[in-house]
Amino acid sequence: MEKADIVDILEEIAELLELKGENAFKVRAYSGGARALETLDEDLGTVIAEERLGDIKGIGKALVEKITALHETGELEYFDKLKASVPPGMIEMLEIPGLGPKKIKKVHDELGVESIDALAAACREDKIAGLAGFGQKTQEKILAGIANREAYAARHRWADAEAVSLPILEGLRKLKQVERAEAAGSLRRKKETVGDLDFLVASTEPAPIMEWFTTQAGIAEVTAHGETKSSIRLEGGMQADLRVVPPAQFFYALHHFTGSKEHNIRMRARALERGLSLSEWGLFPEDTRAGKDNAPKPSERDPEPIDGEQELFKKLELAYIPPELREDRGELEAAEKDKLPKLVEPEDIRGVFHNHTTASDGRATLEEMVQAAQELGFDYLGIADHSKASFQANGLDADRLLKQCEAIKALNETKQFKTFVFTGSEVDILSDGSLDFPDEVLKQLDCVVASIHAGMTNDEAAMTKRLVAALENEHVTMLGHMTGRLLLKREGYPVNVAKVIDAALANGKIIELNANPWRLDMDWRHWHKAAERGLLTSINPDAHAPDQLAFYKNGVYAARKGWLEARHVFNTRSLPEVKKYLGVK
DNA sequence: GCCGTTTTCGGCCCGACTGTTTTCAGTCG
């Protein structure tokens with residue numbers, strides 16, 4: 001069984017244990033183990049064979065046995081038995097807001113409810129409200145939750161979430177009671193998808209801010225409205241939370257609500273090691289933490305004022321960790337040794353490759369694309385229209401391609417634009433791993449991006465073989481969108497990423513970080529380790545229109561999540577350096 | 001179930017909001 005499937009099973013075990021009322025820390029051990037395994041950048045089979053699985057933090061003796069059994073036999077008796085003991089409908093019920101494992105267990109034990117349909121029926125028959133700990137409101141909330149289940153559970157691509165957040169942030173900042181306002185959560189961490197929007201405000205006067213937030217235009221529903229915290233659901237389905245904190249606590253709270261949860265857990269454990277207790281309220285001596293005898297309420301204490309998150313990290317003897325890195329993927333260890341990367345910035349990008357024109361399926365002409373690139377200040381622009389196998393995208397045959405090359409060279413000659421244009425192609429990788437153009441054609445191009453667009457239903461071994469074969473072609477410059485995924489719409493085809501990275505390194509090839517907000521492929525989780533091994537990326541917008549050249553910023557954010565520095569990114573290089581690399585005069 | 005510069009046992013992050021209670025459990029992030 002492949003790694004991704006094992007990760008899914010570990011996560012399912014965690015949910016099942018939760019529903020059974022198991023020890024919460026045991027539940028966390030399984031979901032933590034799933035995360036640790038997901039993060040593994042090496043071939044799982046190799047790690048198992050070399051008995052190194054147990055060296056991974058979060059994977060102990062029990063998980064080593066279970067993961068090994070799943071990988072080698074595809075079966076796990078423990079999982080089968082556990083699964084058989086819990087009706088499948090109960091796992092689904094976890095998606096209903098307000099329903100957690102305890103309540104689900106209760107309706108199951110008391111009323112025999114085993115499915116969402118049965119739960120809805122029990123609500124309509126007024127059976128739920130009578131249970132101890134339940135009431136009329138809970139019953140209504142469950143019914144509404146069932147009806148809106150899909151909207152509530154939905155995630156959103158980062159760029160979409162940012163677009164919704166900007167006017168809200170602007171509205172908050174305009175209020176006179178607001179001293180500071182920031183977006184936090186996964187949006188601030190630049191995660192590729194965002195569940196809900198988190199806003200944080202510093203103010204001594206929360207009431208009017210809450211009032212504005214819960215009555216602004218475009219609200220479908222106010223789901224919570226407290227003194228310092230409110231939640232709304234917007235008409236587009238996105239949910240947003242607002243917290244208002246006293247100014248002295250702002251940066252503690254900003255850190256807290258930026259997360260991730262796993263990063264926060266590590267930070268708090270680190271505080272405890274130093275006799276301190278960390279929360280959104282501040283950093284206090286541990287013996288006065290909430291819950292201890294005579295502990296004051298956190299809201300009635302004054303934290304030491306700090307001017308920024310930097311100071312919080314400093315108090316815990318850590319270098320400043322940028323939000324993008326706060327995923328508990330080694331950032332605390334690196335910050336402790338002052339070994340954090342100097343992350344690539346949007347301003348570092350000097351030009352972009354992999355862009356389309358009306359010659360294939362782009363919406364703008366060559367000149368219009370170059371004009372837009374020049375306006376963005378790019379020194380160079382790489383054109384890569386589709387090849388003939390991408391018939392649906394009006395792919396170019398060799399004649400049309402070579403004519404386009406002539407046109408590009410002629411355009412460069414005119415010096416009409418400051419931006420230099422590289423010829424190229426996004427050449428299809430065919431089912432047998434060969435390319436859609438012969439070598440005689442490819443060798444005439446400045447930059448060859450090789451991508452898969454068809455035959456995506458083969459298994460992992462076959463897809464990996466195709467990608468590796470493409471990387472072995474001497475005329476290929478870089479691999480395009482490695483997995484073909486479309487975020488929240490289509491899973492990528494299965495790929496053994498470790499083997500493809502090995503092949504790119506062995507052949508001295510670049511792997512693209514496709515910056516289209518739907519793709520962000522290859523995934524940021526693989527970049528840290530790959531770049532350490534010397535892999536070079538190119539952050540490519542895959543633009544099909546002039547305004548899409550700006551997608552490169554999304555790619556930079558993903559690259560930052562992947563710990564990349566400018567030196568790891570090909571298109572931070574100057575035009576002469578790029579020309580030299582590509583062998584262009 | 002995982003983990004260990006005090007520990008191989010006994011911890012494991014912390015607080016707001018809701019709905020149900022009348023001091024709190026459950027859920028959420």
# chains A, B, ... in the order shown; residues from 1 in each chain; ligands from 1
>>> select_by_dssp(residues="range 198-282 of chain A", states="alpha helix (DSSP H)", output="PyMOL selection string")
chain A and resi 206-215+250-258+261-273
>>> write_last_selection(atoms="N, CA and C atoms", output="short mmCIF file (atom, residue, chain, number, x, y, z; two decimals), in the first residue's frame")
data_model
loop_
_atom_site.label_atom_id
_atom_site.label_comp_id
_atom_site.auth_asym_id
_atom_site.auth_seq_id
_atom_site.Cartn_x
_atom_site.Cartn_y
_atom_site.Cartn_z
N PRO A 206 -14.40 46.96 22.27
CA PRO A 206 -14.79 45.94 21.30
C PRO A 206 -16.23 46.05 20.77
N ALA A 207 -17.14 46.54 21.58
CA ALA A 207 -18.56 46.44 21.22
C ALA A 207 -18.90 47.00 19.84
N PRO A 208 -18.51 48.25 19.52
CA PRO A 208 -18.89 48.76 18.20
C PRO A 208 -18.21 48.01 17.06
N ILE A 209 -17.05 47.44 17.33
CA ILE A 209 -16.34 46.67 16.29
C ILE A 209 -17.11 45.38 16.00
N MET A 210 -17.52 44.72 17.06
CA MET A 210 -18.34 43.52 16.92
C MET A 210 -19.62 43.83 16.16
N GLU A 211 -20.19 44.97 16.50
CA GLU A 211 -21.44 45.38 15.86
C GLU A 211 -21.23 45.56 14.36
N TRP A 212 -20.14 46.24 13.98
CA TRP A 212 -19.87 46.44 12.56
C TRP A 212 -19.65 45.09 11.86
N PHE A 213 -18.87 44.25 12.50
CA PHE A 213 -18.48 42.99 11.89
C PHE A 213 -19.70 42.10 11.63
N THR A 214 -20.63 42.10 12.59
CA THR A 214 -21.76 41.17 12.47
C THR A 214 -22.93 41.76 11.69
N THR A 215 -22.78 43.01 11.24
CA THR A 215 -23.88 43.62 10.45
C THR A 215 -23.39 44.09 9.10
N PHE A 250 -2.02 42.23 21.86
CA PHE A 250 -2.21 42.01 20.43
C PHE A 250 -1.23 41.02 19.82
N PHE A 251 0.06 41.17 20.08
CA PHE A 251 1.03 40.32 19.39
C PHE A 251 1.06 38.89 19.93
N TYR A 252 0.72 38.74 21.22
CA TYR A 252 0.56 37.38 21.74
C TYR A 252 -0.62 36.71 21.03
N ALA A 253 -1.69 37.48 20.91
CA ALA A 253 -2.89 36.93 20.27
C ALA A 253 -2.67 36.69 18.78
N LEU A 254 -1.92 37.60 18.14
CA LEU A 254 -1.65 37.43 16.70
C LEU A 254 -0.89 36.13 16.48
N HIS A 255 0.09 35.89 17.34
CA HIS A 255 0.83 34.64 17.21
C HIS A 255 -0.10 33.45 17.43
N HIS A 256 -0.90 33.53 18.47
CA HIS A 256 -1.81 32.42 18.80
C HIS A 256 -2.77 32.12 17.65
N PHE A 257 -3.40 33.14 17.11
CA PHE A 257 -4.43 32.90 16.09
C PHE A 257 -3.85 32.69 14.71
N THR A 258 -2.57 32.91 14.56
CA THR A 258 -1.93 32.59 13.28
C THR A 258 -1.65 31.09 13.21
N LYS A 261 -1.95 25.15 14.77
CA LYS A 261 -2.20 24.50 16.05
C LYS A 261 -0.96 23.72 16.51
N GLU A 262 -0.36 22.98 15.58
CA GLU A 262 0.80 22.15 15.94
C GLU A 262 1.99 23.02 16.35
N HIS A 263 2.16 24.13 15.64
CA HIS A 263 3.24 25.06 15.99
C HIS A 263 2.97 25.62 17.39
N ASN A 264 1.74 25.98 17.67
CA ASN A 264 1.41 26.55 18.98
C ASN A 264 1.67 25.55 20.10
N ILE A 265 1.32 24.30 19.86
CA ILE A 265 1.56 23.27 20.88
C ILE A 265 3.04 23.20 21.21
N ARG A 266 3.86 23.23 20.19
CA ARG A 266 5.31 23.19 20.42
C ARG A 266 5.80 24.42 21.16
N MET A 267 5.26 25.58 20.80
CA MET A 267 5.67 26.82 21.45
C MET A 267 5.29 26.81 22.93
N ARG A 268 4.10 26.26 23.21
CA ARG A 268 3.66 26.24 24.61
C ARG A 268 4.47 25.24 25.43
N ALA A 269 4.79 24.13 24.79
CA ALA A 269 5.63 23.16 25.49
C ALA A 269 6.99 23.79 25.78
N ARG A 270 7.49 24.57 24.82
CA ARG A 270 8.78 25.23 25.02
C ARG A 270 8.70 26.25 26.16
N ALA A 271 7.58 26.96 26.24
CA ALA A 271 7.38 27.92 27.33
C ALA A 271 7.37 27.18 28.66
N LEU A 272 6.67 26.05 28.72
CA LEU A 272 6.59 25.28 29.97
C LEU A 272 7.96 24.81 30.42
N GLU A 273 8.81 24.43 29.45
CA GLU A 273 10.18 24.01 29.80
C GLU A 273 10.93 25.13 30.50
#
>>> interface_residues(of="chain B", to="chain A", cutoff="8 Å", atoms="only C-alpha atoms (C1' of nucleotides)", output="PyMOL selection string")
chain B and resi 1-2+12-17+19-20+26-27+29
>>> atom_distance(atom1="CA of Ser431 in chain A", atom2="CA of Ser387 in chain A")
14.4 Å
>>> select_by_dssp(residues="range 291-443 of chain A", states="strand (DSSP E or B)", output="PyMOL selection string")
chain A and resi 343+351-355+380-383+385-387+396+420-422+424-429+435
>>> residues_around(residues="Thr572 in chain A", least_positions_apart="5", cutoff="8 Å", atoms="only C-alpha atoms (C1' of nucleotides)", output="ChimeraX atom specification")
/A:348-351,566-567
>>> residues_around(residues="range 510-521 of chain A", least_positions_apart="4", cutoff="6 Å", atoms="only C-alpha atoms (C1' of nucleotides)", output="list of chain:residue names")
A:Met478, A:Leu479, A:Gly480, A:His481, A:Arg485, A:Leu486, A:Leu487, A:Leu536, A:Thr537, A:Ser538, A:Ile539, A:Asn540, A:Pro541, A:Phe551, A:Tyr552, A:Asn554, A:Gly555
>>> atom_distance(atom1="CA of Ala389 in chain A", atom2="CA of Val500 in chain A")
22.8 Å
>>> residues_around(residues="range 401-411 of chain A", least_positions_apart="3", cutoff="12 Å", atoms="only C-alpha atoms (C1' of nucleotides)", output="number ranges by chain")
A: 356-360, 365-367, 369-371, 381-388, 394-398, 414-427, 437, 440-447, 584-585
>>> atom_distance(atom1="CA of Lys465 in chain A", atom2="CA of Gly433 in chain A")
7.0 Å
>>> residues_around(residues="Pro322 in chain A", least_positions_apart="2", cutoff="10 Å", atoms="only C-alpha atoms (C1' of nucleotides)", output="list in words")
Arg188, Arg189, Glu309, Gln310, Ala319, Tyr320, Glu324, Leu325, Arg326, Glu331, Leu340, Pro341, Lys342, Leu343, Arg560 and Lys561 of chain A
